[in-house]
Amino acid sequence: MLPNPIITLTTDFGYKDPFVGIMKGVILGINPFAKIVDITHGISPQNILEAAITIEMSFKSFPGKTIHIVVVDPGVGSARRPILVTTSHYYFIGPDNGVFSQIYKLKDETITVIQLTSDHYFLPNRSTTFHGRDIFAPVAGWLSKGIDSSKFGEKISDYRTISIPAPVISDENVIEGEVIYTDCFGNVTTNIKAELVDEILRKKITGRHKVLFRGREAPFKSHYAEADDEGLYSLINSFGYLELFVKNGSASSKFDIIVGEKVKLILN
Amino acid sequence: MLPNPIITLTTDFGYKDPFVGIMKGVILGINPFAKIVDITHGISPQNILEAAITIEMSFKSFPGKTIHIVVVDPGVGSARRPILVTTSHYYFIGPDNGVFSQIYKLKDETITVIQLTSDHYFLPNRSTTFHGRDIFAPVAGWLSKGIDSSKFGEKISDYRTISIPAPVISDENVIEGEVIYTDCFGNVTTNIKAELVDEILRKKITGRHKVLFRGREAPFKSHYAEADDEGLYSLINSFGYLELFVKNGSASSKFDIIVGEKVKLILN
Amino acid sequence: MLPNPIITLTTDFGYKDPFVGIMKGVILGINPFAKIVDITHGISPQNILEAAITIEMSFKSFPGKTIHIVVVDPGVGSARRPILVTTSHYYFIGPDNGVFSQIYKLKDETITVIQLTSDHYFLPNRSTTFHGRDIFAPVAGWLSKGIDSSKFGEKISDYRTISIPAPVISDENVIEGEVIYTDCFGNVTTNIKAELVDEILRKKITGRHKVLFRGREAPFKSHYAEADDEGLYSLINSFGYLELFVKNGSASSKFDIIVGEKVKLILN
């Protein structure tokens with residue numbers, strides 16, 4: 001049995017219904033020593049891309065052996081498979097719908113994907129609409145008790161991925177990216193990652209560059225309070241991504257920025 | 001003392017105020033070993049019916065001996081009594097306003113209702129507006145430490161119930177129910193329970209039947225993704241109730257469905 | 001090491017993003033035995049006053065030695081200092097932006113404020129935008145393991161406070177206060193504290209007095225259900241403050257009451 005096993009939950013279940021609490025009850029019924037941590041239940045309904053980005057931002061902040069459950073599952077009850085993904089350091093449990101696409105891309109990690117078929121680890125009489133309760137929670141509970149991951153089913157290699165837009169290097173000094181996430185402050189994350197710029201172009205984002213959005217510059221700052229006024233600014237956020245922001249305000253609301261809009265980074 | 005005592009919280013306190021956190025502080029001050037689980041704090045303000053349905057959906061997913069606190073309490077501070085309900089397997093703590101009406105109906109459970117009168121188990125100087133902090137949390141804390149339920153007050157038999165609309169069997173093959181709950185996805189739960197149909201009419205809901213809503217059929221499916229388009233469909237949900245849904249969308253928003261609307265099930 | 005260390009979180013991070021979950025992962029990576037309790041993550045974005053009032057309402061309900069983290073931090077990444085505040089019974093960790101102003105005013109407590117400078121207790125490679133993850137969570141984790149508070153930095157005395165509006169005693173029998181907080185039910189808290197009235201005027205709020213709002217009386221009641229109709233009423237709330245309310249409704253919505261509006265208490 002893992003000492004102090006941690007199980008995290010990331011879902012689109014929201015905060016009105018009892019679904020998340022119910023999953024916790026199932027887990028604690030199997031392993032009373034599990035520590036359950038909510039990552040978020042505010043994923044937009046059925047938004048697999050948002051869930052994939054959220055778990056990517058989060059998983060590494062937890063100690064090794066943490067079990068991450070992700071339930072954003074529009075195909076629940078259909079032929080889509082329930083899976084357990086193991087990396088060198090973490091476990092991930094959820095539907096095979098691409099929600100773990102960013103995990104599969106990790107470097108220096110050995111990835112194994114197991115289709116959950118050992119239904120004696122599921123709840124009996126499982127429903128077709130709530131596999132969070134009936135499959136994912138109990139499997140996480142048993143896994144946290146030390147059951148070997150190989151016992152839960154068979155390895156598969158044809159697991160599903162979703163395409164997450166990648167930035168395009170249009171010439172040696174220009175990177176074209178796009179908005180992929182908006183946080184609750186209205187800060188807008190793009191898919192341009194600082195380390196990628198460094199790696200590919202051998203140039204660091206240091207301020208000697210321009211960020212363009214809708215043809216206008218969003219001046220680059222080191223932190224939020226450094227902005228001079230309430231216009232649109234940019235910085236590298238705490239996850240290493242280029243972000244657009246408004247000081248003490250919401251960039252997404254003020255400028256009606258939506259996921260998918262283009263952002264250009266010009267290095268000099 | 002109960003090993004690994006679990007205390008759950010179901011309230012209409014929302015997520016903006018510190019009220020829930022404060023209750024947890026009180027519990028942990030009494031029993032540092034309590035495991036506290038949020039079921040939901042998103043019950044609509046003062047909606048006793050919604051709370052009664054929510055705790056009914058949830059309590060069984062927790063291990064035996066779990067203590068369920070429910071605080072939806074418009075009468076706080078008035079003559080309404082604080083109570084502890086014990087069943088054969090669970091404890092329930094909250095106001096005597098009908099919030100436990102569905103618990104009282106459980107079959108094969110011995111129900112005892114105790115009016116909480118032993119005020120040495122309450123916080124001193126209790127307020128008239130926050131019994132979650134001053135009565136329910138400390139009583140749960142002490143109960144989780146192993147104090148016998150009989151110590152908290154006296155048995156009562158005139159506890160309050162609210163009427164929860166029941167489906168009507170209008171002829172041998174027709175059941176008329178109504179909408180009782182809408183979840184955050186916009187899925188709409190009715191009060192028609194599959195096992196009840198089976199039990200009363202000796203007919204299983206198998207697909208050889210029709211679900212009618214506002215005079216039109218909502219075709220029956222086994223799971224969400226089976227719907228052919230974005231019209232209104234029906235299925236038996238994970239709690240055994242007939243539910244109306246829209247695939248990848250919100251039935252409640254798209255069709256402006258509200259609690260209380262009628263749904264008809266015609267068996268053949 | 002503290003037995004059963006409790007760490008609470010109060011932030012404006014909301015419930016959509018993974019930021020809170022990430023902080024918990026960092027804490028548990030340092031101290032797997034920490035009990036983490038959410039006070040609220042629904043503070044209005046960047047609203048330091050609201051956070052100061054919220055932590056004041058909450059901290060005392062937790063057992064001694066509890067570590068309270070508060071992250072409402074518009075100046076993150078700037079010269080504003082991260083601090084650890086110790087009182088005789090509690091610890092507080094957050095930015096030096098006045099969020100602990102009400103803690104500094106506590107009587108009968110020895111207050112020490114330490115600027116967090118020992119960066120070996122921070123995460124390596126810390127960002128300029130997420131000190132909750134990079135500084136406050138790890139410092140709380142280490143503090144909960146028993147590291148002495150003096151190890152985290154140097155004492156300072158020029159810590160920042162914000163002014164929180166105080167009631168004005170305009171003549172011997174009249175107190176003029178204002179609205180400082182609205183809860184999710186729409187109940188409206190003023191800054192007129194019952195014990196202050198008692199102390200200063202040697203008069204208790206007993207019902208022989210008038211509460212005036214916008215020139216009209218808001219009759220005084222002992223609890224919500226005592227109100228006769230759905231007009232505006234007043235009571236002393238569970239934190240000891242004069243509050244305006246509407247029975248089974250929202251005073252703030254019904255009367256469009258906003259923070260800062262004046263309320264008058266006339267004692268007789």
# chains A, B, ... in the order shown; residues from 1 in each chain; ligands from 1
$ select_by_dssp --residues "region 61-183 of chain B" --states "strand (DSSP E)" --output "PyMOL selection string"
chain B and resi 67-71+82-86+91-95+112-116+153-155+168-171+174-182
$ interface_residues --of "chain C" --to "chain B" --cutoff "6 Å" --atoms "only C-alpha atoms" --output "list in words"
Asp38, Ile39, Thr40, Gly42, Ser58, Ser61, Phe62, Pro63, His223, Ala225 and Ser238 of chain C
$ write_last_selection --atoms "all heavy atoms" --output "PDB file, in the first residue's frame"
ATOM      1  N   ASP C  38     -10.178  24.604   2.843  1.00  0.00           N
ATOM      2  CA  ASP C  38     -10.534  25.804   2.086  1.00  0.00           C
ATOM      3  C   ASP C  38     -11.422  26.694   2.929  1.00  0.00           C
ATOM      4  O   ASP C  38     -12.479  26.242   3.392  1.00  0.00           O
ATOM      5  CB  ASP C  38     -11.311  25.408   0.820  1.00  0.00           C
ATOM      6  CG  ASP C  38     -10.499  24.493  -0.079  1.00  0.00           C
ATOM      7  OD1 ASP C  38      -9.445  24.926  -0.548  1.00  0.00           O
ATOM      8  OD2 ASP C  38     -10.925  23.338  -0.295  1.00  0.00           O
ATOM      9  N   ILE C  39     -11.015  27.933   3.144  1.00  0.00           N
ATOM     10  CA  ILE C  39     -11.968  28.874   3.751  1.00  0.00           C
ATOM     11  C   ILE C  39     -12.853  29.419   2.634  1.00  0.00           C
ATOM     12  O   ILE C  39     -14.045  29.225   2.633  1.00  0.00           O
ATOM     13  CB  ILE C  39     -11.244  29.969   4.563  1.00  0.00           C
ATOM     14  CG1 ILE C  39     -10.632  29.323   5.815  1.00  0.00           C
ATOM     15  CG2 ILE C  39     -12.229  31.080   4.945  1.00  0.00           C
ATOM     16  CD1 ILE C  39      -9.981  30.269   6.778  1.00  0.00           C
ATOM     17  N   THR C  40     -12.276  30.061   1.654  1.00  0.00           N
ATOM     18  CA  THR C  40     -13.014  30.372   0.426  1.00  0.00           C
ATOM     19  C   THR C  40     -12.017  30.736  -0.656  1.00  0.00           C
ATOM     20  O   THR C  40     -10.916  31.205  -0.373  1.00  0.00           O
ATOM     21  CB  THR C  40     -14.020  31.527   0.593  1.00  0.00           C
ATOM     22  OG1 THR C  40     -14.687  31.732  -0.678  1.00  0.00           O
ATOM     23  CG2 THR C  40     -13.353  32.835   0.972  1.00  0.00           C
ATOM     24  N   GLY C  42     -13.563  32.408  -3.235  1.00  0.00           N
ATOM     25  CA  GLY C  42     -14.494  33.278  -3.924  1.00  0.00           C
ATOM     26  C   GLY C  42     -14.355  34.758  -3.559  1.00  0.00           C
ATOM     27  O   GLY C  42     -15.271  35.538  -3.825  1.00  0.00           O
ATOM     28  N   SER C  58     -13.091  34.324  10.174  1.00  0.00           N
ATOM     29  CA  SER C  58     -12.868  32.882  10.128  1.00  0.00           C
ATOM     30  C   SER C  58     -11.806  32.333  11.069  1.00  0.00           C
ATOM     31  O   SER C  58     -11.940  31.231  11.597  1.00  0.00           O
ATOM     32  CB  SER C  58     -12.444  32.487   8.701  1.00  0.00           C
ATOM     33  OG  SER C  58     -13.322  33.030   7.747  1.00  0.00           O
ATOM     34  N   SER C  61     -12.239  30.311  14.457  1.00  0.00           N
ATOM     35  CA  SER C  61     -12.986  29.058  14.533  1.00  0.00           C
ATOM     36  C   SER C  61     -12.087  27.838  14.369  1.00  0.00           C
ATOM     37  O   SER C  61     -12.557  26.706  14.516  1.00  0.00           O
ATOM     38  CB  SER C  61     -14.089  29.038  13.463  1.00  0.00           C
ATOM     39  OG  SER C  61     -15.092  29.980  13.790  1.00  0.00           O
ATOM     40  N   PHE C  62     -10.827  28.062  14.062  1.00  0.00           N
ATOM     41  CA  PHE C  62      -9.894  26.942  13.903  1.00  0.00           C
ATOM     42  C   PHE C  62      -9.076  26.754  15.182  1.00  0.00           C
ATOM     43  O   PHE C  62      -8.870  27.702  15.935  1.00  0.00           O
ATOM     44  CB  PHE C  62      -8.962  27.204  12.713  1.00  0.00           C
ATOM     45  CG  PHE C  62      -9.669  27.060  11.405  1.00  0.00           C
ATOM     46  CD1 PHE C  62     -10.462  28.085  10.901  1.00  0.00           C
ATOM     47  CD2 PHE C  62      -9.593  25.881  10.685  1.00  0.00           C
ATOM     48  CE1 PHE C  62     -11.155  27.939   9.713  1.00  0.00           C
ATOM     49  CE2 PHE C  62     -10.273  25.724   9.494  1.00  0.00           C
ATOM     50  CZ  PHE C  62     -11.060  26.759   9.003  1.00  0.00           C
ATOM     51  N   PRO C  63      -8.600  25.523  15.396  1.00  0.00           N
ATOM     52  CA  PRO C  63      -7.798  25.291  16.604  1.00  0.00           C
ATOM     53  C   PRO C  63      -6.477  26.069  16.580  1.00  0.00           C
ATOM     54  O   PRO C  63      -5.995  26.475  15.519  1.00  0.00           O
ATOM     55  CB  PRO C  63      -7.546  23.775  16.582  1.00  0.00           C
ATOM     56  CG  PRO C  63      -7.971  23.269  15.258  1.00  0.00           C
ATOM     57  CD  PRO C  63      -8.856  24.292  14.631  1.00  0.00           C
ATOM     58  N   HIS C 223     -33.870  36.875  14.840  1.00  0.00           N
ATOM     59  CA  HIS C 223     -33.430  35.901  13.845  1.00  0.00           C
ATOM     60  C   HIS C 223     -34.233  36.118  12.560  1.00  0.00           C
ATOM     61  O   HIS C 223     -35.216  36.864  12.558  1.00  0.00           O
ATOM     62  CB  HIS C 223     -33.570  34.470  14.356  1.00  0.00           C
ATOM     63  CG  HIS C 223     -34.961  34.101  14.774  1.00  0.00           C
ATOM     64  ND1 HIS C 223     -35.450  34.331  16.044  1.00  0.00           N
ATOM     65  CD2 HIS C 223     -35.977  33.544  14.076  1.00  0.00           C
ATOM     66  CE1 HIS C 223     -36.709  33.910  16.107  1.00  0.00           C
ATOM     67  NE2 HIS C 223     -37.052  33.433  14.926  1.00  0.00           N
ATOM     68  N   ALA C 225     -36.290  34.319  10.605  1.00  0.00           N
ATOM     69  CA  ALA C 225     -37.689  33.905  10.440  1.00  0.00           C
ATOM     70  C   ALA C 225     -38.648  34.788  11.228  1.00  0.00           C
ATOM     71  O   ALA C 225     -39.864  34.710  11.046  1.00  0.00           O
ATOM     72  CB  ALA C 225     -37.858  32.434  10.858  1.00  0.00           C
ATOM     73  N   SER C 238     -24.065  36.393  13.262  1.00  0.00           N
ATOM     74  CA  SER C 238     -23.310  35.409  14.046  1.00  0.00           C
ATOM     75  C   SER C 238     -21.864  35.821  14.295  1.00  0.00           C
ATOM     76  O   SER C 238     -21.146  35.148  15.020  1.00  0.00           O
ATOM     77  CB  SER C 238     -23.353  34.058  13.330  1.00  0.00           C
ATOM     78  OG  SER C 238     -22.668  34.135  12.095  1.00  0.00           O
TER      79      SER C 238
END
$ residues_around --residues "Phe122 (chain B)" --least-positions-apart "4" --cutoff "7 Å" --atoms "only C-alpha atoms" --output "PyMOL selection string"
chain B and resi 134-135+138-139
$ write_last_selection --atoms "N, CA and C atoms" --output "CSV table (one decimal), in the first residue's frame"
chain,number,residue,atom,x,y,z
B,134,ASP,N,-22.5,26.7,15.2
B,134,ASP,CA,-22.7,26.7,16.7
B,134,ASP,C,-23.3,25.4,17.2
B,135,ILE,N,-24.0,24.7,16.4
B,135,ILE,CA,-24.7,23.4,16.8
B,135,ILE,C,-24.3,22.2,16.0
B,138,PRO,N,-20.3,21.2,15.9
B,138,PRO,CA,-19.8,20.6,17.1
B,138,PRO,C,-20.4,19.3,17.5
B,139,VAL,N,-21.7,19.2,17.2
B,139,VAL,CA,-22.4,17.9,17.5
B,139,VAL,C,-21.8,16.8,16.6
$ residues_around --residues "Gly240 (chain A)" --least-positions-apart "5" --cutoff "10 Å" --atoms "only C-alpha atoms" --output "JSON, numbers by chain"
{"A": [57, 189, 191, 192, 193, 194, 195, 196, 235], "C": [127]}
$ select_by_dssp --residues "region 22-262 of chain B" --states "helix (DSSP H, G or I)" --output "number ranges by chain"
B: 22-30, 48-61, 101-104, 119-121, 131-144, 149-152, 194-201, 224-226, 251-254
$ write_last_selection --atoms "C-alpha atoms" --output "PDB file, in the first residue's frame"
ATOM      1  CA  ILE B  22     -15.572  27.950   9.564  1.00  0.00           C
ATOM      2  CA  MET B  23     -17.668  24.824  10.175  1.00  0.00           C
ATOM      3  CA  LYS B  24     -14.667  22.680   9.264  1.00  0.00           C
ATOM      4  CA  GLY B  25     -12.506  24.600  11.727  1.00  0.00           C
ATOM      5  CA  VAL B  26     -15.002  23.898  14.499  1.00  0.00           C
ATOM      6  CA  ILE B  27     -15.143  20.186  13.661  1.00  0.00           C
ATOM      7  CA  LEU B  28     -11.355  19.824  13.530  1.00  0.00           C
ATOM      8  CA  GLY B  29     -11.021  21.689  16.824  1.00  0.00           C
ATOM      9  CA  ILE B  30     -13.111  18.928  18.412  1.00  0.00           C
ATOM     10  CA  ILE B  48     -35.262  22.307   1.318  1.00  0.00           C
ATOM     11  CA  LEU B  49     -36.626  20.065  -1.448  1.00  0.00           C
ATOM     12  CA  GLU B  50     -33.392  20.312  -3.438  1.00  0.00           C
ATOM     13  CA  ALA B  51     -31.362  19.477  -0.333  1.00  0.00           C
ATOM     14  CA  ALA B  52     -33.598  16.499   0.461  1.00  0.00           C
ATOM     15  CA  ILE B  53     -33.095  15.097  -3.049  1.00  0.00           C
ATOM     16  CA  THR B  54     -29.359  15.786  -2.992  1.00  0.00           C
ATOM     17  CA  ILE B  55     -28.696  13.960   0.271  1.00  0.00           C
ATOM     18  CA  GLU B  56     -30.871  11.070  -0.945  1.00  0.00           C
ATOM     19  CA  MET B  57     -28.702  10.763  -4.079  1.00  0.00           C
ATOM     20  CA  SER B  58     -25.497  10.868  -2.071  1.00  0.00           C
ATOM     21  CA  PHE B  59     -25.549   9.285   1.350  1.00  0.00           C
ATOM     22  CA  LYS B  60     -25.322   5.646   0.297  1.00  0.00           C
ATOM     23  CA  SER B  61     -22.063   6.170  -1.605  1.00  0.00           C
ATOM     24  CA  SER B 101     -37.797  13.477   4.400  1.00  0.00           C
ATOM     25  CA  GLN B 102     -36.333  10.981   1.937  1.00  0.00           C
ATOM     26  CA  ILE B 103     -34.261   9.361   4.670  1.00  0.00           C
ATOM     27  CA  TYR B 104     -37.331   8.714   6.785  1.00  0.00           C
ATOM     28  CA  ASP B 119     -26.203  22.167  24.777  1.00  0.00           C
ATOM     29  CA  HIS B 120     -22.871  21.360  26.404  1.00  0.00           C
ATOM     30  CA  TYR B 121     -22.098  19.789  23.021  1.00  0.00           C
ATOM     31  CA  HIS B 131     -26.304  26.961  13.751  1.00  0.00           C
ATOM     32  CA  GLY B 132     -24.047  25.225  11.220  1.00  0.00           C
ATOM     33  CA  ARG B 133     -21.125  26.593  13.211  1.00  0.00           C
ATOM     34  CA  ASP B 134     -22.703  26.675  16.661  1.00  0.00           C
ATOM     35  CA  ILE B 135     -24.708  23.429  16.838  1.00  0.00           C
ATOM     36  CA  PHE B 136     -24.419  21.094  13.837  1.00  0.00           C
ATOM     37  CA  ALA B 137     -20.618  21.155  13.414  1.00  0.00           C
ATOM     38  CA  PRO B 138     -19.769  20.639  17.098  1.00  0.00           C
ATOM     39  CA  VAL B 139     -22.380  17.886  17.508  1.00  0.00           C
ATOM     40  CA  ALA B 140     -20.914  16.110  14.467  1.00  0.00           C
ATOM     41  CA  GLY B 141     -17.431  16.541  15.920  1.00  0.00           C
ATOM     42  CA  TRP B 142     -18.422  14.980  19.243  1.00  0.00           C
ATOM     43  CA  LEU B 143     -20.443  12.217  17.589  1.00  0.00           C
ATOM     44  CA  SER B 144     -17.413  11.356  15.440  1.00  0.00           C
ATOM     45  CA  SER B 149     -26.158   9.359  19.908  1.00  0.00           C
ATOM     46  CA  SER B 150     -28.556   9.077  22.878  1.00  0.00           C
ATOM     47  CA  LYS B 151     -26.448  11.589  24.805  1.00  0.00           C
ATOM     48  CA  PHE B 152     -27.305  14.459  22.468  1.00  0.00           C
ATOM     49  CA  ALA B 194     -37.081   2.631 -12.869  1.00  0.00           C
ATOM     50  CA  GLU B 195     -37.304   0.122 -10.044  1.00  0.00           C
ATOM     51  CA  LEU B 196     -40.666   1.535  -8.984  1.00  0.00           C
ATOM     52  CA  VAL B 197     -42.076   0.964 -12.440  1.00  0.00           C
ATOM     53  CA  ASP B 198     -40.767  -2.572 -12.330  1.00  0.00           C
ATOM     54  CA  GLU B 199     -42.133  -3.200  -8.867  1.00  0.00           C
ATOM     55  CA  ILE B 200     -45.594  -1.714  -9.309  1.00  0.00           C
ATOM     56  CA  LEU B 201     -46.370  -2.566 -12.893  1.00  0.00           C
ATOM     57  CA  TYR B 224     -25.927  10.196 -23.764  1.00  0.00           C
ATOM     58  CA  ALA B 225     -23.743   9.621 -26.831  1.00  0.00           C
ATOM     59  CA  GLU B 226     -26.383   7.325 -28.336  1.00  0.00           C
ATOM     60  CA  ALA B 251     -31.885  20.214 -21.918  1.00  0.00           C
ATOM     61  CA  SER B 252     -32.979  22.649 -19.229  1.00  0.00           C
ATOM     62  CA  SER B 253     -31.668  25.722 -21.087  1.00  0.00           C
ATOM     63  CA  LYS B 254     -32.532  24.641 -24.603  1.00  0.00           C
TER      64      LYS B 254
END
$ atom_distance --atom1 "CA of Val70 (chain B)" --atom2 "CA of Pro3 (chain C)"
29.4 Å
$ residues_around --residues "Thr86 (chain C)" --least-positions-apart "4" --cutoff "7 Å" --atoms "only C-alpha atoms" --output "list of chain:residue names"
C:Tyr90, C:Tyr91, C:Phe92, C:Ile111, C:Thr112, C:Val113
$ closest_residue --among "C:Arg202, C:Ile6, C:Leu242, C:Val85" --to "Lys221 (chain C)" --atoms "only C-alpha atoms"
C:Leu242
$ residues_around --residues "Leu116 (chain A)" --least-positions-apart "5" --cutoff "6 Å" --atoms "only C-alpha atoms" --output "PyMOL selection string"
chain A and resi 82-83+152-153
$ write_last_selection --atoms "C-alpha atoms" --output "PDB file, in the first residue's frame"
ATOM      1  CA  PRO A  82     -11.932   3.736 -19.516  1.00  0.00           C
ATOM      2  CA  ILE A  83      -8.146   3.877 -19.095  1.00  0.00           C
ATOM      3  CA  PHE A 152      -6.689  -3.481 -13.916  1.00  0.00           C
ATOM      4  CA  GLY A 153      -6.705  -4.494 -17.573  1.00  0.00           C
TER       5      GLY A 153
END
$ atom_distance --atom1 "CA of Leu123 (chain A)" --atom2 "CA of Leu9 (chain B)"
23.6 Å
$ atom_distance --atom1 "CA of Val174 (chain A)" --atom2 "CA of Thr161 (chain A)"
27.9 Å
$ closest_residue --among "B:Thr87, B:Lys262, B:Asp158, B:Asn187" --to "Leu106 (chain B)" --atoms "only C-alpha atoms"
B:Thr87
